[in-house]
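To start, the structure itself, in structure tokens.
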Amino acid sequence: MSSQYHFLTRWRIRGTREEVAAVLEDPRDLPRWWPSVYLDVRVLEEGDANGIGRVVDLYTKGWLPYTLRWRFTTTRNSGAEGLSLSAEGDFRGTGTWVFKQDGPYVNAFYDWRIAAEKPLLRRLTWLLRPAFSANHRWAMRKGEESLRLELQRRRLPADDAANVPAPPGPTFARFAPGQKRATD
């Protein structure tokens, strides 16, 4: 059985395309506003003035008790229209964000086409594809929830921003940086 996955995600967020793009364009901030998934992020190369060619090393997880080490390179940054990346590491493939304004809302679409390369995922895809797919959907739901909170926080004066609830943290927190890390 193929270890290929194709996920289409749609977030509907109150805000502007520019606001959503500004949050998603800054990978360094992912562990702060989307901590349920992004445990550690390091920018290895900055890329050009628009971030094209930026290389980012990531340590991530979903709901299930395994972690992923992967890297992405920004291949397109069209600001409020969207951005694209190529991924390598525990999975390999491409991801594309497209942002569409719909009145006071933004419809953010993510097209994620990957092949599982992590041995655990590759070997067990035949059996656990539904669980792995559910894990991705959980991670993206947490991302939408966290993005809503982040936009709310950014719109408030600094003194009031501290009153915005914290985004949901990771499950199996022992995988967080500074803790013992799983290797497979």
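In the structure tokens, the first chain shown is A, the next is B, and so on; residue numbers restart at 1 for each chain, and ligands run from 1 in the order shown.
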
Determine, for each residue of segment 91-173 of chain A having at least one atom at most 8 Å from an atom of segment 64-76 of chain A, the closest pair of atoms and their separation in Å to one decimal, counting only C-alpha atoms; order by chain and ascending number, as a tab-separated table.
residue	atom	partner	partner_atom	distance
A:Phe91	CA	A:Trp70	CA	6.8
A:Lys118	CA	A:Leu68	CA	7.7
A:Asn135	CA	A:Leu64	CA	6.4
A:Thr171	CA	A:Pro65	CA	7.7
A:Phe172	CA	A:Pro65	CA	6.3

Please save N, CA, C and O atoms of the selected residues as a PDB file, in the first residue's frame.
ATOM      1  N   PHE A  91       8.323  13.138   6.404  1.00  0.00           N
ATOM      2  CA  PHE A  91       7.464  13.043   5.237  1.00  0.00           C
ATOM      3  C   PHE A  91       7.999  13.970   4.172  1.00  0.00           C
ATOM      4  O   PHE A  91       8.786  14.868   4.438  1.00  0.00           O
ATOM      5  N   LYS A 118       8.846   8.493   7.550  1.00  0.00           N
ATOM      6  CA  LYS A 118       9.226   7.980   8.868  1.00  0.00           C
ATOM      7  C   LYS A 118       8.933   6.480   8.873  1.00  0.00           C
ATOM      8  O   LYS A 118       7.842   6.054   8.495  1.00  0.00           O
ATOM      9  N   ASN A 135      -5.239  11.885  12.942  1.00  0.00           N
ATOM     10  CA  ASN A 135      -4.226  12.658  13.655  1.00  0.00           C
ATOM     11  C   ASN A 135      -3.962  13.992  12.942  1.00  0.00           C
ATOM     12  O   ASN A 135      -3.856  15.040  13.574  1.00  0.00           O
ATOM     13  N   THR A 171      -0.445  17.170  23.305  1.00  0.00           N
ATOM     14  CA  THR A 171      -0.744  15.954  24.045  1.00  0.00           C
ATOM     15  C   THR A 171       0.599  15.278  24.283  1.00  0.00           C
ATOM     16  O   THR A 171       1.577  15.558  23.584  1.00  0.00           O
ATOM     17  N   PHE A 172       0.672  14.400  25.238  1.00  0.00           N
ATOM     18  CA  PHE A 172       1.917  13.699  25.524  1.00  0.00           C
ATOM     19  C   PHE A 172       3.071  14.700  25.621  1.00  0.00           C
ATOM     20  O   PHE A 172       4.036  14.657  24.875  1.00  0.00           O
TER      21      PHE A 172
END

Determine, for each residue of segment 74-157 of chain A having at least one atom at most 10 Å from an atom of segment 16-29 of chain A, the closest pair of atoms and their separation in Å to one decimal, counting only C-alpha atoms; order by chain and ascending number, as JSON lines.
{"residue": "A:Thr74", "atom": "CA", "partner": "A:Glu25", "partner_atom": "CA", "distance": 9.5}
{"residue": "A:Asn77", "atom": "CA", "partner": "A:Glu25", "partner_atom": "CA", "distance": 8.1}
{"residue": "A:Ser78", "atom": "CA", "partner": "A:Ala21", "partner_atom": "CA", "distance": 9.1}
{"residue": "A:Gly79", "atom": "CA", "partner": "A:Ala21", "partner_atom": "CA", "distance": 6.1}
{"residue": "A:Ala80", "atom": "CA", "partner": "A:Glu18", "partner_atom": "CA", "distance": 4.8}
{"residue": "A:Glu81", "atom": "CA", "partner": "A:Arg17", "partner_atom": "CA", "distance": 7.2}
{"residue": "A:Gly82", "atom": "CA", "partner": "A:Ala21", "partner_atom": "CA", "distance": 6.8}
{"residue": "A:Leu83", "atom": "CA", "partner": "A:Glu25", "partner_atom": "CA", "distance": 7.9}
{"residue": "A:Trp97", "atom": "CA", "partner": "A:Ala21", "partner_atom": "CA", "distance": 9.1}
{"residue": "A:Val98", "atom": "CA", "partner": "A:Arg17", "partner_atom": "CA", "distance": 9.3}
{"residue": "A:Phe99", "atom": "CA", "partner": "A:Arg17", "partner_atom": "CA", "distance": 5.8}
{"residue": "A:Lys100", "atom": "CA", "partner": "A:Arg17", "partner_atom": "CA", "distance": 6.7}
{"residue": "A:Gln101", "atom": "CA", "partner": "A:Arg17", "partner_atom": "CA", "distance": 6.1}
{"residue": "A:Asp102", "atom": "CA", "partner": "A:Thr16", "partner_atom": "CA", "distance": 9.0}
{"residue": "A:Gly103", "atom": "CA", "partner": "A:Thr16", "partner_atom": "CA", "distance": 8.9}
{"residue": "A:Pro104", "atom": "CA", "partner": "A:Thr16", "partner_atom": "CA", "distance": 7.1}
{"residue": "A:Tyr105", "atom": "CA", "partner": "A:Thr16", "partner_atom": "CA", "distance": 6.6}
{"residue": "A:Val106", "atom": "CA", "partner": "A:Arg17", "partner_atom": "CA", "distance": 5.9}
{"residue": "A:Asn107", "atom": "CA", "partner": "A:Arg17", "partner_atom": "CA", "distance": 8.4}
{"residue": "A:Ala108", "atom": "CA", "partner": "A:Val20", "partner_atom": "CA", "distance": 8.1}
{"residue": "A:Leu147", "atom": "CA", "partner": "A:Val23", "partner_atom": "CA", "distance": 7.9}
{"residue": "A:Arg148", "atom": "CA", "partner": "A:Val20", "partner_atom": "CA", "distance": 9.4}
{"residue": "A:Glu150", "atom": "CA", "partner": "A:Val23", "partner_atom": "CA", "distance": 8.1}
{"residue": "A:Leu151", "atom": "CA", "partner": "A:Glu19", "partner_atom": "CA", "distance": 7.3}
{"residue": "A:Arg154", "atom": "CA", "partner": "A:Glu19", "partner_atom": "CA", "distance": 9.2}
{"residue": "A:Arg155", "atom": "CA", "partner": "A:Glu19", "partner_atom": "CA", "distance": 9.7}

Note to self: Please identify the strand (DSSP E or B) residues within chain A (assignment by DSSP from backbone atoms) and present them as an MDAnalysis selection string.
What the structure shows: chainID A and resid 4:14 38:45 55:61 67:77 82:89 91:102 105:116

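Proximity to Pro35 of chain A at 8 Å, evaluated using only C-alpha atoms and with sequence-adjacent residues fewer than 5 positions away removed, yields Leu30, Pro167, Pro168, Gly169 and Pro170 of chain A.
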
Next item on the list: Within 8 Å of segment 1-12 of chain A, counting only C-alpha atoms, which residues show up once you throw out same-chain ones fewer than 5 positions away? Write them as a PyMOL selection string, please.
Entry: chain A and resi 105-117+121-122+125-126+140+144
